[in-house]
file my_file05.cif (mmCIF, C-alpha atoms and all ligand atoms)
data_structure
loop_
_atom_site.label_atom_id
_atom_site.label_comp_id
_atom_site.auth_asym_id
_atom_site.auth_seq_id
_atom_site.Cartn_x
_atom_site.Cartn_y
_atom_site.Cartn_z
CA MET A 1 -19.81 36.54 -5.43
CA HIS A 2 -20.66 32.84 -5.84
CA ILE A 3 -17.75 30.55 -5.13
CA TYR A 4 -18.27 26.89 -6.07
CA CYS A 5 -15.95 24.48 -4.44
CA GLU A 6 -15.36 20.74 -4.72
CA ASP A 7 -16.13 19.37 -1.25
CA SER A 8 -12.68 17.74 -0.94
CA LEU A 9 -10.84 21.09 -0.81
CA LEU A 10 -9.41 21.18 2.68
CA TYR A 11 -9.76 24.51 4.55
CA ALA A 12 -11.84 26.07 1.74
CA ARG A 13 -14.22 27.60 4.30
CA GLU A 14 -11.36 29.15 6.27
CA TYR A 15 -9.84 30.77 3.19
CA PHE A 16 -12.80 31.65 0.99
CA ALA A 17 -15.94 32.12 3.14
CA GLY A 18 -15.11 35.78 3.74
CA TRP A 19 -15.22 36.61 0.05
CA GLY A 20 -18.66 35.43 -0.99
CA GLU A 21 -21.24 32.72 -0.85
CA LEU A 22 -19.61 29.28 -0.77
CA HIS A 23 -21.34 26.35 -2.47
CA PHE A 24 -19.93 22.82 -2.19
CA PHE A 25 -20.34 20.03 -4.72
CA SER A 26 -19.05 16.51 -5.19
CA GLY A 27 -16.52 16.14 -8.02
CA ARG A 28 -17.24 12.91 -9.86
CA THR A 29 -21.04 13.26 -9.65
CA LEU A 30 -21.25 16.94 -10.58
CA ASP A 31 -24.14 18.10 -12.76
CA PRO A 32 -22.75 21.20 -14.59
CA GLN A 33 -26.14 22.94 -14.33
CA THR A 34 -25.66 23.36 -10.59
CA LEU A 35 -22.81 25.81 -11.34
CA ALA A 36 -24.96 28.20 -13.39
CA ASP A 37 -24.23 31.30 -11.24
CA ALA A 38 -20.60 30.49 -10.43
CA ASP A 39 -18.07 33.36 -10.44
CA ILE A 40 -15.22 31.29 -9.05
CA LEU A 41 -14.76 27.54 -9.41
CA LEU A 42 -12.37 25.63 -7.16
CA VAL A 43 -11.71 21.97 -7.88
CA ARG A 44 -9.42 19.04 -7.26
CA SER A 45 -8.59 16.32 -9.75
CA THR A 46 -11.97 14.58 -9.69
CA THR A 47 -13.92 17.43 -11.35
CA ARG A 48 -13.61 17.43 -15.13
CA VAL A 49 -13.46 21.04 -16.27
CA ASP A 50 -14.38 20.74 -19.92
CA GLU A 51 -16.37 22.55 -22.58
CA THR A 52 -19.67 21.06 -21.36
CA LEU A 53 -19.11 22.33 -17.83
CA LEU A 54 -17.88 25.74 -18.95
CA SER A 55 -20.82 26.27 -21.29
CA HIS A 56 -23.08 26.18 -18.20
CA CYS A 57 -21.16 28.89 -16.30
CA PRO A 58 -21.58 32.24 -18.10
CA ASN A 59 -20.22 34.35 -15.20
CA LEU A 60 -17.10 32.33 -14.51
CA LYS A 61 -13.98 34.47 -13.93
CA TYR A 62 -11.53 31.97 -12.53
CA VAL A 63 -11.05 28.21 -12.23
CA GLY A 64 -8.44 26.88 -9.85
CA THR A 65 -7.38 23.34 -9.12
CA ALA A 66 -5.78 22.70 -5.73
CA THR A 67 -3.66 19.97 -7.32
CA ALA A 68 -0.37 19.70 -9.19
CA GLY A 69 -1.81 17.82 -12.17
CA THR A 70 -4.05 19.71 -14.58
CA ASN A 71 -5.01 16.91 -16.98
CA HIS A 72 -8.64 17.06 -15.73
CA MET A 73 -8.95 20.65 -17.04
CA ASP A 74 -9.35 21.62 -20.68
CA LEU A 75 -6.94 24.56 -20.64
CA ARG A 76 -7.63 25.44 -24.28
CA ALA A 77 -11.36 25.71 -23.58
CA LEU A 78 -10.64 28.00 -20.63
CA GLU A 79 -8.34 30.16 -22.74
CA ALA A 80 -10.85 30.30 -25.59
CA ARG A 81 -13.46 31.62 -23.18
CA GLY A 82 -11.04 34.10 -21.59
CA ILE A 83 -11.42 32.51 -18.15
CA ALA A 84 -8.42 32.85 -15.84
CA TYR A 85 -7.17 29.60 -14.37
CA GLY A 86 -4.51 28.31 -12.05
CA SER A 87 -3.16 25.21 -10.38
CA ALA A 88 -1.24 24.52 -7.20
CA ALA A 89 2.05 23.49 -8.76
CA GLY A 90 4.31 21.92 -6.17
CA CYS A 91 1.75 22.01 -3.33
CA ASN A 92 2.13 18.32 -2.61
CA ALA A 93 5.63 17.60 -3.92
CA ILE A 94 6.94 16.95 -0.40
CA ALA A 95 4.03 14.59 0.29
CA VAL A 96 4.62 12.50 -2.83
CA ALA A 97 8.39 12.37 -2.24
CA GLU A 98 7.72 11.18 1.32
CA TYR A 99 5.28 8.55 0.03
CA VAL A 100 8.03 7.19 -2.22
CA ILE A 101 10.61 7.30 0.58
CA SER A 102 8.29 5.44 2.93
CA SER A 103 7.80 2.78 0.24
CA LEU A 104 11.57 2.45 -0.22
CA PHE A 105 12.23 1.87 3.48
CA VAL A 106 9.44 -0.70 3.65
CA LEU A 107 10.69 -2.55 0.56
CA ALA A 108 14.29 -2.45 1.81
CA GLU A 109 13.20 -4.10 5.05
CA GLN A 110 10.94 -6.65 3.30
CA GLN A 111 13.48 -7.59 0.62
CA GLY A 112 16.64 -7.23 2.70
CA TRP A 113 18.68 -4.61 0.87
CA GLN A 114 20.36 -1.30 1.66
CA LEU A 115 19.12 1.86 0.00
CA LYS A 116 22.65 3.14 -0.42
CA ASP A 117 23.40 0.14 -2.68
CA LYS A 118 20.60 1.02 -5.09
CA ARG A 119 20.47 3.42 -8.00
CA ILE A 120 17.16 5.23 -8.33
CA GLY A 121 15.98 6.60 -11.66
CA ILE A 122 13.58 9.52 -11.34
CA VAL A 123 11.49 10.21 -14.45
CA GLY A 124 10.21 13.79 -14.35
CA ALA A 125 12.46 16.24 -12.50
CA GLY A 126 9.86 18.87 -11.69
CA HIS A 127 8.54 19.67 -8.22
CA VAL A 128 8.06 16.07 -7.07
CA GLY A 129 11.07 14.57 -8.84
CA SER A 130 13.34 17.30 -7.47
CA GLN A 131 12.04 16.88 -3.90
CA LEU A 132 12.63 13.15 -4.11
CA ASP A 133 16.10 13.66 -5.55
CA THR A 134 17.05 16.12 -2.78
CA LYS A 135 15.78 13.90 0.00
CA LEU A 136 17.45 10.77 -1.36
CA LYS A 137 20.76 12.53 -1.94
CA ALA A 138 20.64 13.78 1.67
CA ILE A 139 20.85 10.18 2.88
CA GLY A 140 23.51 9.20 0.37
CA VAL A 141 21.35 7.45 -2.22
CA ASN A 142 22.49 7.41 -5.82
CA THR A 143 19.92 8.99 -8.16
CA LEU A 144 19.59 9.69 -11.89
CA LEU A 145 17.20 12.25 -13.36
CA CYS A 146 15.39 11.98 -16.69
CA ASP A 147 13.42 14.95 -17.96
CA PRO A 148 13.84 15.66 -21.70
CA PRO A 149 11.45 18.67 -21.73
CA LEU A 150 13.35 20.37 -18.88
CA GLN A 151 16.67 19.48 -20.47
CA ALA A 152 15.52 21.13 -23.69
CA LEU A 153 14.68 24.25 -21.68
CA GLY A 154 18.29 24.40 -20.45
CA ASP A 155 18.05 22.78 -17.00
CA LYS A 156 21.68 22.48 -15.90
CA ARG A 157 21.36 19.37 -13.73
CA PRO A 158 22.89 16.16 -15.10
CA MET A 159 20.17 14.24 -16.93
CA VAL A 160 20.01 10.80 -18.54
CA ASP A 161 17.72 9.33 -21.16
CA ILE A 162 15.03 6.74 -20.56
CA ASP A 163 17.36 3.89 -21.58
CA ALA A 164 19.69 4.74 -18.69
CA ILE A 165 16.65 4.89 -16.40
CA MET A 166 15.69 1.38 -17.50
CA ALA A 167 19.01 0.13 -16.11
CA CYS A 168 18.30 1.52 -12.61
CA ASP A 169 17.41 -0.74 -9.70
CA ILE A 170 14.41 1.42 -8.84
CA ILE A 171 12.40 3.62 -11.21
CA SER A 172 10.06 6.29 -9.84
CA LEU A 173 7.65 8.09 -12.18
CA HIS A 174 6.81 11.78 -11.66
CA VAL A 175 5.59 13.09 -15.01
CA PRO A 176 2.31 14.80 -15.85
CA LEU A 177 -0.14 12.97 -18.10
CA VAL A 178 0.74 14.31 -21.55
CA GLU A 179 -1.30 13.00 -24.46
CA GLN A 180 0.51 14.49 -27.43
CA GLY A 181 3.61 16.34 -28.60
CA GLU A 182 7.27 15.51 -28.53
CA HIS A 183 7.31 13.87 -25.08
CA PRO A 184 3.98 12.16 -24.47
CA THR A 185 3.67 10.24 -21.22
CA ARG A 186 0.46 8.24 -21.74
CA LEU A 187 1.62 4.61 -21.57
CA LEU A 188 5.25 5.71 -21.25
CA PHE A 189 5.60 2.33 -19.58
CA ASP A 190 3.86 0.31 -22.27
CA ARG A 191 4.05 -3.44 -22.72
CA GLN A 192 7.48 -3.31 -24.30
CA ARG A 193 9.05 -1.19 -21.58
CA LEU A 194 7.41 -3.18 -18.79
CA ALA A 195 8.61 -6.42 -20.39
CA ALA A 196 12.17 -5.05 -20.35
CA LEU A 197 12.18 -4.86 -16.53
CA ASN A 198 14.03 -7.69 -14.80
CA ASP A 199 12.68 -9.44 -11.75
CA ALA A 200 14.98 -7.55 -9.37
CA GLN A 201 13.76 -4.12 -10.48
CA ILE A 202 11.21 -1.92 -8.75
CA LEU A 203 8.75 0.39 -10.51
CA ILE A 204 6.93 3.10 -8.56
CA ASN A 205 4.05 5.04 -10.07
CA ALA A 206 2.72 7.94 -8.01
CA CYS A 207 1.97 10.31 -10.90
CA ARG A 208 -0.91 9.29 -13.16
CA GLY A 209 -2.31 5.82 -13.72
CA GLU A 210 -2.34 6.17 -17.50
CA VAL A 211 1.46 6.44 -17.58
CA VAL A 212 1.70 2.66 -17.00
CA ASP A 213 -0.21 0.11 -19.08
CA ASN A 214 -2.09 -1.73 -16.33
CA GLN A 215 -3.40 -4.53 -18.58
CA ALA A 216 0.09 -5.21 -19.89
CA LEU A 217 1.42 -5.20 -16.33
CA LEU A 218 -1.20 -7.78 -15.31
CA ALA A 219 -0.43 -9.95 -18.34
CA LEU A 220 3.29 -9.94 -17.51
CA TYR A 221 2.63 -10.91 -13.90
CA GLN A 222 0.29 -13.67 -15.03
CA GLN A 223 3.12 -14.96 -17.24
CA GLY A 224 5.30 -15.24 -14.13
CA ARG A 225 7.29 -11.99 -14.13
CA GLN A 226 8.22 -10.91 -10.64
CA PHE A 227 9.49 -7.32 -10.65
CA THR A 228 8.18 -5.22 -7.80
CA THR A 229 5.58 -2.48 -8.26
CA VAL A 230 4.33 0.26 -5.98
CA LEU A 231 1.17 1.84 -7.37
CA ASP A 232 -0.61 4.85 -5.95
CA VAL A 233 -2.31 5.68 -9.22
CA TRP A 234 -4.21 3.44 -11.61
CA GLU A 235 -5.67 3.53 -15.05
CA ASN A 236 -9.35 4.44 -15.13
CA GLU A 237 -9.76 5.53 -11.49
CA PRO A 238 -11.96 4.87 -9.59
CA ASP A 239 -12.89 1.74 -11.61
CA ILE A 240 -9.48 0.21 -11.50
CA LEU A 241 -8.16 -3.19 -12.59
CA THR A 242 -8.45 -4.93 -9.23
CA ASP A 243 -7.08 -8.20 -10.68
CA LEU A 244 -3.70 -6.46 -10.61
CA LEU A 245 -3.76 -5.94 -6.86
CA PRO A 246 -2.39 -9.32 -5.69
CA TYR A 247 0.74 -8.70 -7.78
CA VAL A 248 1.39 -5.16 -6.56
CA THR A 249 3.64 -5.04 -3.50
CA LEU A 250 2.41 -1.71 -2.12
CA ALA A 251 -0.87 -0.24 -3.34
CA SER A 252 -2.90 2.84 -2.46
CA ALA A 253 -5.82 4.95 -3.66
CA HIS A 254 -4.17 8.00 -5.24
CA ILE A 255 -3.26 9.45 -1.87
CA ALA A 256 0.49 10.00 -2.30
CA GLY A 257 -0.04 13.77 -2.16
CA HIS A 258 -2.62 13.74 0.62
CA THR A 259 -0.72 15.18 3.57
CA LEU A 260 -2.51 17.81 5.60
CA GLU A 261 0.18 20.29 4.57
CA GLY A 262 -0.08 19.33 0.88
CA LYS A 263 -3.84 19.77 0.79
CA ALA A 264 -3.74 22.99 2.81
CA ARG A 265 -0.99 24.39 0.58
CA GLY A 266 -3.10 23.60 -2.49
CA THR A 267 -6.13 25.52 -1.19
CA TRP A 268 -3.94 28.36 0.07
CA MET A 269 -2.28 28.73 -3.35
CA LEU A 270 -5.69 29.18 -4.98
CA TYR A 271 -6.64 31.69 -2.26
CA GLN A 272 -3.53 33.68 -3.18
CA GLN A 273 -4.39 33.51 -6.89
CA VAL A 274 -7.98 34.71 -6.41
CA ALA A 275 -6.78 37.51 -4.12
CA GLU A 276 -4.36 38.67 -6.80
CA LEU A 277 -6.88 38.34 -9.65
CA LEU A 278 -9.68 40.22 -7.90
CA GLY A 279 -7.57 42.62 -5.85
CA LEU A 280 -8.79 41.15 -2.54
CA PRO A 281 -6.74 41.02 0.67
CA GLY A 282 -5.14 37.56 0.92
CA GLU A 283 -3.77 37.88 4.41
CA LEU A 284 -4.35 34.42 5.82
CA SER A 285 -1.19 32.36 6.02
CA LEU A 286 -0.74 28.66 5.43
CA GLN A 287 0.30 28.09 9.06
CA SER A 288 -2.84 29.78 10.38
CA VAL A 289 -5.03 26.84 9.37
CA LEU A 290 -2.72 23.95 10.19
CA PRO A 291 -3.13 22.26 13.59
CA GLU A 292 -0.19 21.67 15.92
CA THR A 293 1.53 18.34 15.46
CA GLU A 294 1.41 15.65 18.11
CA PHE A 295 4.60 13.69 17.56
CA CYS A 296 6.95 13.23 20.51
CA PRO A 297 10.44 14.45 19.61
CA SER A 298 12.82 11.69 18.56
CA THR A 299 16.55 11.15 18.37
CA LEU A 300 18.96 9.87 15.74
CA ALA A 301 22.48 9.01 16.75
CA HIS A 302 23.78 7.33 13.59
CA LEU A 303 22.84 7.24 9.93
CA GLU A 304 21.77 3.62 9.93
CA GLN A 305 18.99 2.47 7.65
CA THR A 306 16.91 0.87 10.43
CA GLU A 307 17.12 4.09 12.45
CA LEU A 308 16.16 6.27 9.50
CA ALA A 309 13.30 3.89 8.73
CA ARG A 310 12.06 4.24 12.30
CA LEU A 311 11.77 8.02 11.89
CA VAL A 312 10.23 7.86 8.42
CA LEU A 313 7.64 5.25 9.33
CA CYS A 314 6.80 7.04 12.58
CA VAL A 315 5.50 9.97 10.51
CA TYR A 316 4.19 8.03 7.51
CA ASP A 317 3.97 4.26 7.13
CA ILE A 318 2.71 3.39 3.65
CA GLN A 319 1.85 -0.13 4.86
CA GLN A 320 -1.22 1.25 6.63
CA ASP A 321 -2.50 2.71 3.38
CA ASP A 322 -1.72 -0.53 1.60
CA GLN A 323 -3.66 -2.60 4.15
CA GLN A 324 -6.68 -0.30 4.04
CA PHE A 325 -6.61 -0.31 0.24
CA ARG A 326 -6.62 -4.11 0.01
CA ALA A 327 -9.45 -4.32 2.53
CA LEU A 328 -11.73 -1.74 0.89
CA VAL A 329 -10.97 -1.28 -2.79
CA GLY A 330 -13.06 -4.28 -3.92
CA LYS A 331 -16.19 -2.94 -2.20
CA PRO A 332 -18.60 -0.70 -4.16
CA GLY A 333 -17.31 2.87 -3.99
CA GLY A 334 -14.26 1.66 -2.06
CA PHE A 335 -11.65 3.66 -3.97
CA GLU A 336 -13.42 6.96 -3.39
CA TYR A 337 -14.34 6.05 0.19
CA ILE A 338 -10.66 5.64 1.08
CA ARG A 339 -9.79 9.01 -0.44
CA ARG A 340 -12.65 10.86 1.20
CA HIS A 341 -11.96 9.37 4.64
CA TYR A 342 -8.20 9.52 4.47
CA ALA A 343 -6.50 9.67 7.87
CA ILE A 344 -4.65 12.78 8.90
CA ARG A 345 -1.13 12.48 7.55
CA ARG A 346 1.61 15.00 8.28
CA GLU A 347 4.90 15.71 6.52
CA PHE A 348 8.31 14.77 7.97
CA THR A 349 8.75 18.36 9.09
CA ALA A 350 6.19 17.64 11.83
CA LEU A 351 8.72 15.48 13.69
CA GLN A 352 11.46 17.14 15.73
CA VAL A 353 14.67 15.14 15.85
CA SER A 354 17.73 15.48 18.08
CA ALA A 355 20.59 14.48 15.85
CA GLY A 356 24.10 13.20 16.59
CA ASN A 357 27.03 14.67 14.67
CA SER A 358 26.92 17.24 11.88
CA SER A 359 26.54 14.70 9.08
CA VAL A 360 23.51 13.20 10.84
CA LYS A 361 22.09 16.70 11.26
CA LYS A 362 22.60 17.42 7.58
CA ALA A 363 20.88 14.20 6.56
CA ILE A 364 17.96 14.78 8.91
CA CYS A 365 17.38 18.30 7.59
CA GLY A 366 17.79 17.14 3.99
CA LEU A 367 15.16 14.44 4.48
CA GLY A 368 12.80 17.13 5.74
CA PHE A 369 12.61 16.51 9.50
CA THR A 370 12.90 19.43 11.90
CA LEU A 371 16.06 19.63 13.97
CA LYS A 372 15.19 19.92 17.65
CA PRO A 373 16.18 23.46 18.70
CA ASP A 374 18.65 22.36 21.41
CA THR A 375 20.65 20.43 18.81
CA LEU A 376 20.81 23.16 16.17
N1 LIG B 1 -0.31 10.70 -6.66
C1 LIG B 1 -0.53 11.93 -6.28
O1 LIG B 1 -1.20 12.15 -5.28
C2 LIG B 1 0.06 13.06 -7.03
C3 LIG B 1 0.36 12.96 -8.36
N2 LIG B 1 0.95 14.00 -9.03
C4 LIG B 1 1.25 13.83 -10.44
O2 LIG B 1 2.64 13.95 -10.60
C5 LIG B 1 2.91 14.82 -11.69
C6 LIG B 1 4.20 15.54 -11.44
O3 LIG B 1 4.04 16.46 -10.41
P1 LIG B 1 5.02 17.71 -10.27
O4 LIG B 1 6.41 17.26 -10.12
O5 LIG B 1 4.45 18.57 -9.22
O6 LIG B 1 4.84 18.39 -11.68
P2 LIG B 1 5.88 19.31 -12.44
O7 LIG B 1 5.16 19.89 -13.58
O8 LIG B 1 6.57 20.20 -11.49
O9 LIG B 1 6.98 18.28 -12.99
C7 LIG B 1 6.73 17.35 -13.99
C8 LIG B 1 8.01 17.19 -14.80
O10 LIG B 1 7.84 16.11 -15.71
C9 LIG B 1 8.57 16.46 -16.88
N3 LIG B 1 8.15 15.66 -18.03
C10 LIG B 1 7.11 15.86 -18.87
N4 LIG B 1 7.09 14.91 -19.81
C11 LIG B 1 8.14 14.08 -19.57
C12 LIG B 1 8.64 12.92 -20.20
N5 LIG B 1 8.06 12.39 -21.28
N6 LIG B 1 9.73 12.32 -19.67
C13 LIG B 1 10.34 12.83 -18.58
N7 LIG B 1 9.92 13.96 -17.95
C14 LIG B 1 8.82 14.57 -18.44
C15 LIG B 1 8.29 17.94 -17.06
O11 LIG B 1 9.24 18.54 -17.89
C16 LIG B 1 8.36 18.43 -15.63
O12 LIG B 1 9.64 18.89 -15.27
C17 LIG B 1 1.69 15.76 -11.76
O13 LIG B 1 1.49 16.24 -13.05
C18 LIG B 1 0.58 14.87 -11.32
O14 LIG B 1 0.01 14.24 -12.45
C19 LIG B 1 1.31 15.14 -8.39
C20 LIG B 1 1.03 15.30 -7.07
C21 LIG B 1 0.32 14.31 -6.30
O1 LIG B 2 -1.97 17.08 -7.18
C1 LIG B 2 -2.25 16.16 -7.96
O2 LIG B 2 -2.05 16.21 -9.17
C2 LIG B 2 -2.87 14.94 -7.40
O3 LIG B 2 -2.92 13.92 -8.03
C3 LIG B 2 -3.42 15.05 -6.02
O4 LIG B 2 -2.59 14.80 -5.00
C4 LIG B 2 -4.62 14.21 -5.82
O5 LIG B 2 -5.62 15.07 -6.06
P1 LIG B 2 -7.13 14.72 -5.74
O6 LIG B 2 -7.43 13.53 -6.58
O7 LIG B 2 -7.22 14.48 -4.30
O8 LIG B 2 -7.82 15.91 -6.18
#
call {"tool": "encode", "arguments": {"input": "my_file05.cif", "output": "structure tokens", "more": "lines below"}}
Ligand SMILES: NC(=O)C1=CN([C@@H]2O[C@H](COP(=O)(O)OP(=O)(O)OC[C@H]3O[C@@H](n4cnc5c(N)ncnc54)[C@H](O)[C@@H]3O)[C@@H](O)[C@H]2O)C=CC1
Ligand SMILES: O=C(O)C(=O)[C@H](O)COP(=O)(O)O
result
Amino acid sequence: MHIYCEDSLLYAREYFAGWGELHFFSGRTLDPQTLADADILLVRSTTRVDETLLSHCPNLKYVGTATAGTNHMDLRALEARGIAYGSAAGCNAIAVAEYVISSLFVLAEQQGWQLKDKRIGIVGAGHVGSQLDTKLKAIGVNTLLCDPPLQALGDKRPMVDIDAIMACDIISLHVPLVEQGEHPTRLLFDRQRLAALNDAQILINACRGEVVDNQALLALYQQGRQFTTVLDVWENEPDILTDLLPYVTLASAHIAGHTLEGKARGTWMLYQQVAELLGLPGELSLQSVLPETEFCPSTLAHLEQTELARLVLCVYDIQQDDQQFRALVGKPGGFEYIRRHYAIRREFTALQVSAGNSSVKKAICGLGFTLKPDTL
């Protein structure tokens, strides 16, 4: 069996080498003809799986993307050809939620406010939005959810519409890129919506660049608007609008989901899907590939913002990604270089914390840290 795999799939060798001949390729520069004998195709978001690519792979039985988003795959073309496909829904939801939380603690420190005084509007209440909501609620932060498609499906959680979201202090976007239909998300934050933000508001985009009109954002900043933005994703990656960068408070190279656990979980989910599809034994666990963590255990006596920030930033400090991004993104190939050489980042669960009273314990667990066994 010939298994073709985008070279950015972490732990692909560990999971798939036993099942056939593994061939690696580079996503953005792929020539479809190199996949001519592929039985299985494993990708991340930088490989476009479209009709052109599929027409070069007559033996293809399965295409899997080790990502949450599927907008790089033409699902109709796959269906039309009877090729099974899958994604890794939710694999990196914790990672993205932790990216947003790191950004919030950094902004709170920089701008001098308390998280508990802010209302956070979460647009898209799927895997990422729900993780973020749970973690924020665990530390007493006021959140609102907006997800019309889920609401229409009968989701019982309280939901608000986009107008109520626009009145929030902080707005965090977690929708897929949807081009058509009743709830499209391309340019959901178009010029009009961006112009409606006041200078005290914060907009975070860690979903897809095309959800926010980057040119309109730049024009508003050039006209003197001063609302805060955190951007992990950009229109037209990797050739992004670098003129926007000086106005963006925290910026990164589409790495919000790039924890070791998130990437491993993505590959492992595809391993499970191929095992099921082909009736192969899928016995390797997620934990079997992950290295031990190296954080020294920490303590948290009180639920104070500075203390919580210390724990959060000890595991993941978004400022390091921001600094690296500003230093490298203007260089040729800089955007992709950062992504390909991304430092090892773990999830909050990697840090053991001794907590004070039961409410501190509850908050620590809700945020995703591990309670040190002697304090359970
Ligand atoms: N920056 C990064 O590294 C990452 C980015 N992503 C992006 O974030 C997106 C969300 O990820 P998940 O939560 O895992 O996906 P998900 O599919 O679990 O949740 C997305 C939610 O958005 C909702 N939605 C769709 N259209 C909407 C609209 N117009 N308004 C409000 N809600 C709407 C859907 O109903 C769904 O509940 C992915 O599709 C992907 O594009 C995901 C992971 C990592
Ligand atoms: O899961 C998704 O969707 C993402 O956007 C990933 O975190 C980023 O995927 P790659 O661009 O690294 O494939």
call {"tool": "closest_residue", "arguments": {"input": "my_file05.cif", "among": "A:Thr293, A:Thr47, A:Ser102, A:Gln151", "to": "ligand LIG 1 (chain B)", "atoms": "all atoms listed in the file"}}
result
A:Gln151
call {"tool": "residues_near_ligand", "arguments": {"input": "my_file05.cif", "ligand": "ligand LIG 1 (chain B)", "cutoff": "8 Å", "atoms": "all atoms listed in the file", "output": "PDB file with C-alpha atoms, keeping the file's coordinate frame"}}
result
ATOM      1  CA  THR A  67      -3.660  19.970  -7.320  1.00  0.00           C
ATOM      2  CA  ALA A  68      -0.370  19.700  -9.190  1.00  0.00           C
ATOM      3  CA  GLY A  69      -1.810  17.820 -12.170  1.00  0.00           C
ATOM      4  CA  THR A  70      -4.050  19.710 -14.580  1.00  0.00           C
ATOM      5  CA  ASN A  71      -5.010  16.910 -16.980  1.00  0.00           C
ATOM      6  CA  ALA A  89       2.050  23.490  -8.760  1.00  0.00           C
ATOM      7  CA  GLY A  90       4.310  21.920  -6.170  1.00  0.00           C
ATOM      8  CA  CYS A  91       1.750  22.010  -3.330  1.00  0.00           C
ATOM      9  CA  ASN A  92       2.130  18.320  -2.610  1.00  0.00           C
ATOM     10  CA  ALA A  93       5.630  17.600  -3.920  1.00  0.00           C
ATOM     11  CA  ALA A  95       4.030  14.590   0.290  1.00  0.00           C
ATOM     12  CA  VAL A  96       4.620  12.500  -2.830  1.00  0.00           C
ATOM     13  CA  VAL A 123      11.490  10.210 -14.450  1.00  0.00           C
ATOM     14  CA  GLY A 124      10.210  13.790 -14.350  1.00  0.00           C
ATOM     15  CA  ALA A 125      12.460  16.240 -12.500  1.00  0.00           C
ATOM     16  CA  GLY A 126       9.860  18.870 -11.690  1.00  0.00           C
ATOM     17  CA  HIS A 127       8.540  19.670  -8.220  1.00  0.00           C
ATOM     18  CA  VAL A 128       8.060  16.070  -7.070  1.00  0.00           C
ATOM     19  CA  GLY A 129      11.070  14.570  -8.840  1.00  0.00           C
ATOM     20  CA  SER A 130      13.340  17.300  -7.470  1.00  0.00           C
ATOM     21  CA  CYS A 146      15.390  11.980 -16.690  1.00  0.00           C
ATOM     22  CA  ASP A 147      13.420  14.950 -17.960  1.00  0.00           C
ATOM     23  CA  PRO A 148      13.840  15.660 -21.700  1.00  0.00           C
ATOM     24  CA  PRO A 149      11.450  18.670 -21.730  1.00  0.00           C
ATOM     25  CA  LEU A 150      13.350  20.370 -18.880  1.00  0.00           C
ATOM     26  CA  GLN A 151      16.670  19.480 -20.470  1.00  0.00           C
ATOM     27  CA  ILE A 162      15.030   6.740 -20.560  1.00  0.00           C
ATOM     28  CA  LEU A 173       7.650   8.090 -12.180  1.00  0.00           C
ATOM     29  CA  HIS A 174       6.810  11.780 -11.660  1.00  0.00           C
ATOM     30  CA  VAL A 175       5.590  13.090 -15.010  1.00  0.00           C
ATOM     31  CA  PRO A 176       2.310  14.800 -15.850  1.00  0.00           C
ATOM     32  CA  LEU A 177      -0.140  12.970 -18.100  1.00  0.00           C
ATOM     33  CA  VAL A 178       0.740  14.310 -21.550  1.00  0.00           C
ATOM     34  CA  GLU A 182       7.270  15.510 -28.530  1.00  0.00           C
ATOM     35  CA  HIS A 183       7.310  13.870 -25.080  1.00  0.00           C
ATOM     36  CA  PRO A 184       3.980  12.160 -24.470  1.00  0.00           C
ATOM     37  CA  THR A 185       3.670  10.240 -21.220  1.00  0.00           C
ATOM     38  CA  LEU A 188       5.250   5.710 -21.250  1.00  0.00           C
ATOM     39  CA  ASN A 205       4.050   5.040 -10.070  1.00  0.00           C
ATOM     40  CA  ALA A 206       2.720   7.940  -8.010  1.00  0.00           C
ATOM     41  CA  CYS A 207       1.970  10.310 -10.900  1.00  0.00           C
ATOM     42  CA  ARG A 208      -0.910   9.290 -13.160  1.00  0.00           C
ATOM     43  CA  ASP A 232      -0.610   4.850  -5.950  1.00  0.00           C
ATOM     44  CA  VAL A 233      -2.310   5.680  -9.220  1.00  0.00           C
ATOM     45  CA  HIS A 254      -4.170   8.000  -5.240  1.00  0.00           C
ATOM     46  CA  ILE A 255      -3.260   9.450  -1.870  1.00  0.00           C
ATOM     47  CA  ALA A 256       0.490  10.000  -2.300  1.00  0.00           C
ATOM     48  CA  GLY A 257      -0.040  13.770  -2.160  1.00  0.00           C
ATOM     49  CA  HIS A 258      -2.620  13.740   0.620  1.00  0.00           C
TER      50      HIS A 258
END
call {"tool": "residues_around", "arguments": {"input": "my_file05.cif", "residues": "Leu278 in chain A", "least_positions_apart": "4", "cutoff": "12 Å", "atoms": "only C-alpha atoms", "output": "PyMOL selection string"}}
result
chain A and resi 1+19+39-40+61-62+84+271-274+282
call {"tool": "residues_around", "arguments": {"input": "my_file05.cif", "residues": "Ala88 in chain A", "least_positions_apart": "3", "cutoff": "8 Å", "atoms": "all atoms listed in the file", "output": "list in words"}}
result
Thr65, Ala66, Thr67, Ala68, Cys91, Arg265, Gly266, Thr267, Met269 and Leu270 of chain A
call {"tool": "residues_around", "arguments": {"input": "my_file05.cif", "residues": "Leu136 in chain A", "least_positions_apart": "6", "cutoff": "10 Å", "atoms": "all atoms listed in the file", "output": "compact mmCIF listing (two decimals) with C-alpha atoms, keeping the file's coordinate frame"}}
result
# COMPACT_ATOMS: atom_id res chain seq x y z
CA ALA A 97 8.39 12.37 -2.24
CA ILE A 101 10.61 7.30 0.58
CA LEU A 115 19.12 1.86 0.00
CA LYS A 116 22.65 3.14 -0.42
CA ILE A 120 17.16 5.23 -8.33
CA SER A 130 13.34 17.30 -7.47
CA ASN A 142 22.49 7.41 -5.82
CA THR A 143 19.92 8.99 -8.16
CA ALA A 363 20.88 14.20 6.56
CA GLY A 366 17.79 17.14 3.99
CA LEU A 367 15.16 14.44 4.48
